[in-house]
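*Asks:* Quick one: the structure is below, and I'll ask about it shortly.
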Amino acid sequence: MKVIPSTLLLILSTFLLSFSGLATLLATPSASDSRGMFIIALGAAGLVVGAMAILQLKRLNQLLVAHQAA
């Protein structure tokens with residue numbers, strides 16, 4: 001099923017965003033700190049993975065609507 005990879009991407013995105021959010025709350029990252037850049041990169045990766053999952057779910061929804069109309 002195509003729903004499972006999309007769901008896994010959403011779970012991964014939620015984990016990455018939650019982890020980077022908690023790390024940001026504990027200590028504000030700065031661009032001069034390598035740990036800060038890692039946390040910023042994890043947050044950005046979470047956003048990208050979430051966007052990929054949303055696009056996959058939209059395509060799957062379009063396929064389902066086309067299949068129901070036929």
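As shown in the structure tokens, the chain order sets the letters A, B, ...; within each chain, residues go from 1, and ligands are also counted from 1 in the order they appear.
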At a cut-off of 9 Å, using only C-alpha atoms, what residues contact Leu47 in chain A? Leave out same-chain residues fewer than 6 positions from it and give the result as an NGL selection string.
*Replies:* :A and (13-14 or 16-17)
*Asks:* If you count only C-alpha atoms, which residues fall within 12 Å of Ala41 in chain A, apart from same-chain ones fewer than 3 positions away, as an NGL selection string?
*Replies:* :A and (16-17 or 19-21 or 24 or 29-31 or 34-38 or 44-48)
*Asks:* Nearest to Met52 in chain A among A:Gln68, A:Thr7, A:Ser18, A:Ser32, with distances taken over only C-alpha atoms: which residue is it?
*Replies:*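 When distances to Met52 in chain A are compared using only C-alpha atoms, the smallest one comes from A:Thr7.
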*Asks:* What's around Leu55 in chain A at 12 Å? Count only C-alpha atoms, leave out sequence neighbours fewer than 3 positions away in its own chain, and write the answer as number ranges by chain.
*Replies:* A: 3, 5-7, 9-10, 48-52, 58-62
*Asks:* I'd like the interatomic distance between CA of Ile11 in chain A and CA of Ile39 in chain A, to a tenth of an Å.
*Replies:*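 Value for the CA of Ile11 in chain A-CA of Ile39 in chain A distance: 18.0 Å.
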*Asks:* When DSSP is applied to the backbone of this structure, which of range 10-54 of chain A are assigned helix (DSSP H, G or I)? Write them out as a PDB file with N, CA and C atoms, in the first residue's frame.
*Replies:*
ATOM      1  N   LEU A  10       5.488  10.905   7.654  1.00  0.00           N
ATOM      2  CA  LEU A  10       4.890  11.828   8.619  1.00  0.00           C
ATOM      3  C   LEU A  10       5.391  11.575  10.032  1.00  0.00           C
ATOM      4  N   ILE A  11       5.557  10.311  10.396  1.00  0.00           N
ATOM      5  CA  ILE A  11       6.084   9.981  11.727  1.00  0.00           C
ATOM      6  C   ILE A  11       7.528  10.467  11.855  1.00  0.00           C
ATOM      7  N   LEU A  12       8.336  10.251  10.832  1.00  0.00           N
ATOM      8  CA  LEU A  12       9.718  10.720  10.846  1.00  0.00           C
ATOM      9  C   LEU A  12       9.780  12.239  10.939  1.00  0.00           C
ATOM     10  N   SER A  13       8.933  12.913  10.183  1.00  0.00           N
ATOM     11  CA  SER A  13       8.886  14.375  10.227  1.00  0.00           C
ATOM     12  C   SER A  13       8.510  14.870  11.622  1.00  0.00           C
ATOM     13  N   THR A  14       7.516  14.240  12.226  1.00  0.00           N
ATOM     14  CA  THR A  14       7.096  14.624  13.578  1.00  0.00           C
ATOM     15  C   THR A  14       8.229  14.420  14.571  1.00  0.00           C
ATOM     16  N   PHE A  15       8.942  13.307  14.450  1.00  0.00           N
ATOM     17  CA  PHE A  15      10.065  13.055  15.345  1.00  0.00           C
ATOM     18  C   PHE A  15      11.155  14.107  15.177  1.00  0.00           C
ATOM     19  N   LEU A  16      11.526  14.397  13.924  1.00  0.00           N
ATOM     20  CA  LEU A  16      12.596  15.366  13.684  1.00  0.00           C
ATOM     21  C   LEU A  16      12.213  16.755  14.190  1.00  0.00           C
ATOM     22  N   LEU A  17      10.979  17.170  13.919  1.00  0.00           N
ATOM     23  CA  LEU A  17      10.555  18.484  14.368  1.00  0.00           C
ATOM     24  C   LEU A  17      10.433  18.551  15.889  1.00  0.00           C
ATOM     25  N   SER A  18       9.954  17.486  16.510  1.00  0.00           N
ATOM     26  CA  SER A  18       9.846  17.463  17.970  1.00  0.00           C
ATOM     27  C   SER A  18      11.226  17.496  18.614  1.00  0.00           C
ATOM     28  N   PHE A  19      12.150  16.702  18.087  1.00  0.00           N
ATOM     29  CA  PHE A  19      13.494  16.671  18.651  1.00  0.00           C
ATOM     30  C   PHE A  19      14.184  18.019  18.511  1.00  0.00           C
ATOM     31  N   SER A  20      14.089  18.619  17.326  1.00  0.00           N
ATOM     32  CA  SER A  20      14.744  19.919  17.138  1.00  0.00           C
ATOM     33  C   SER A  20      14.058  21.001  17.962  1.00  0.00           C
ATOM     34  N   GLY A  21      12.748  20.899  18.129  1.00  0.00           N
ATOM     35  CA  GLY A  21      12.041  21.872  18.969  1.00  0.00           C
ATOM     36  C   GLY A  21      12.438  21.766  20.427  1.00  0.00           C
ATOM     37  N   LEU A  22      12.531  20.537  20.942  1.00  0.00           N
ATOM     38  CA  LEU A  22      12.964  20.355  22.327  1.00  0.00           C
ATOM     39  C   LEU A  22      14.404  20.810  22.529  1.00  0.00           C
ATOM     40  N   ALA A  23      15.273  20.500  21.583  1.00  0.00           N
ATOM     41  CA  ALA A  23      16.669  20.912  21.697  1.00  0.00           C
ATOM     42  C   ALA A  23      16.788  22.434  21.644  1.00  0.00           C
ATOM     43  N   THR A  24      15.949  23.080  20.851  1.00  0.00           N
ATOM     44  CA  THR A  24      15.961  24.540  20.774  1.00  0.00           C
ATOM     45  C   THR A  24      15.469  25.154  22.078  1.00  0.00           C
ATOM     46  N   LEU A  25      14.479  24.529  22.710  1.00  0.00           N
ATOM     47  CA  LEU A  25      13.996  25.032  23.996  1.00  0.00           C
ATOM     48  C   LEU A  25      15.049  24.904  25.088  1.00  0.00           C
ATOM     49  N   LEU A  26      15.817  23.823  25.052  1.00  0.00           N
ATOM     50  CA  LEU A  26      16.829  23.613  26.085  1.00  0.00           C
ATOM     51  C   LEU A  26      18.001  24.581  25.951  1.00  0.00           C
ATOM     52  N   SER A  34      28.481  24.173  16.201  1.00  0.00           N
ATOM     53  CA  SER A  34      28.195  23.031  15.323  1.00  0.00           C
ATOM     54  C   SER A  34      26.938  22.289  15.791  1.00  0.00           C
ATOM     55  N   ARG A  35      26.703  22.217  17.112  1.00  0.00           N
ATOM     56  CA  ARG A  35      25.490  21.574  17.616  1.00  0.00           C
ATOM     57  C   ARG A  35      24.263  22.371  17.191  1.00  0.00           C
ATOM     58  N   GLY A  36      24.382  23.674  17.223  1.00  0.00           N
ATOM     59  CA  GLY A  36      23.275  24.524  16.792  1.00  0.00           C
ATOM     60  C   GLY A  36      22.941  24.328  15.328  1.00  0.00           C
ATOM     61  N   MET A  37      23.961  24.221  14.507  1.00  0.00           N
ATOM     62  CA  MET A  37      23.726  24.000  13.078  1.00  0.00           C
ATOM     63  C   MET A  37      23.101  22.621  12.838  1.00  0.00           C
ATOM     64  N   PHE A  38      23.502  21.634  13.646  1.00  0.00           N
ATOM     65  CA  PHE A  38      22.916  20.300  13.529  1.00  0.00           C
ATOM     66  C   PHE A  38      21.428  20.332  13.873  1.00  0.00           C
ATOM     67  N   ILE A  39      21.068  21.054  14.926  1.00  0.00           N
ATOM     68  CA  ILE A  39      19.669  21.155  15.335  1.00  0.00           C
ATOM     69  C   ILE A  39      18.861  21.892  14.263  1.00  0.00           C
ATOM     70  N   ILE A  40      19.429  22.955  13.708  1.00  0.00           N
ATOM     71  CA  ILE A  40      18.749  23.691  12.636  1.00  0.00           C
ATOM     72  C   ILE A  40      18.557  22.791  11.415  1.00  0.00           C
ATOM     73  N   ALA A  41      19.584  21.998  11.090  1.00  0.00           N
ATOM     74  CA  ALA A  41      19.482  21.078   9.948  1.00  0.00           C
ATOM     75  C   ALA A  41      18.428  20.004  10.195  1.00  0.00           C
ATOM     76  N   LEU A  42      18.332  19.504  11.434  1.00  0.00           N
ATOM     77  CA  LEU A  42      17.292  18.511  11.748  1.00  0.00           C
ATOM     78  C   LEU A  42      15.894  19.115  11.587  1.00  0.00           C
ATOM     79  N   GLY A  43      15.719  20.343  12.027  1.00  0.00           N
ATOM     80  CA  GLY A  43      14.427  21.004  11.862  1.00  0.00           C
ATOM     81  C   GLY A  43      14.070  21.190  10.398  1.00  0.00           C
ATOM     82  N   ALA A  44      15.066  21.606   9.602  1.00  0.00           N
ATOM     83  CA  ALA A  44      14.831  21.780   8.164  1.00  0.00           C
ATOM     84  C   ALA A  44      14.515  20.439   7.502  1.00  0.00           C
ATOM     85  N   ALA A  45      15.226  19.389   7.916  1.00  0.00           N
ATOM     86  CA  ALA A  45      14.954  18.055   7.361  1.00  0.00           C
ATOM     87  C   ALA A  45      13.546  17.605   7.727  1.00  0.00           C
ATOM     88  N   GLY A  46      13.114  17.919   8.943  1.00  0.00           N
ATOM     89  CA  GLY A  46      11.749  17.569   9.347  1.00  0.00           C
ATOM     90  C   GLY A  46      10.713  18.257   8.489  1.00  0.00           C
ATOM     91  N   LEU A  47      10.958  19.517   8.165  1.00  0.00           N
ATOM     92  CA  LEU A  47      10.025  20.240   7.298  1.00  0.00           C
ATOM     93  C   LEU A  47       9.995  19.648   5.892  1.00  0.00           C
ATOM     94  N   VAL A  48      11.162  19.303   5.358  1.00  0.00           N
ATOM     95  CA  VAL A  48      11.231  18.736   4.006  1.00  0.00           C
ATOM     96  C   VAL A  48      10.554  17.365   3.958  1.00  0.00           C
ATOM     97  N   VAL A  49      10.822  16.528   4.952  1.00  0.00           N
ATOM     98  CA  VAL A  49      10.202  15.201   4.986  1.00  0.00           C
ATOM     99  C   VAL A  49       8.688  15.326   5.124  1.00  0.00           C
ATOM    100  N   GLY A  50       8.234  16.270   5.944  1.00  0.00           N
ATOM    101  CA  GLY A  50       6.797  16.502   6.083  1.00  0.00           C
ATOM    102  C   GLY A  50       6.166  16.953   4.775  1.00  0.00           C
ATOM    103  N   ALA A  51       6.865  17.831   4.049  1.00  0.00           N
ATOM    104  CA  ALA A  51       6.358  18.284   2.751  1.00  0.00           C
ATOM    105  C   ALA A  51       6.282  17.123   1.759  1.00  0.00           C
ATOM    106  N   MET A  52       7.292  16.250   1.772  1.00  0.00           N
ATOM    107  CA  MET A  52       7.264  15.083   0.883  1.00  0.00           C
ATOM    108  C   MET A  52       6.085  14.175   1.209  1.00  0.00           C
ATOM    109  N   ALA A  53       5.827  13.972   2.482  1.00  0.00           N
ATOM    110  CA  ALA A  53       4.707  13.118   2.880  1.00  0.00           C
ATOM    111  C   ALA A  53       3.378  13.722   2.457  1.00  0.00           C
ATOM    112  N   ILE A  54       3.234  15.029   2.621  1.00  0.00           N
ATOM    113  CA  ILE A  54       1.988  15.695   2.229  1.00  0.00           C
ATOM    114  C   ILE A  54       1.775  15.585   0.727  1.00  0.00           C
TER     115      ILE A  54
END
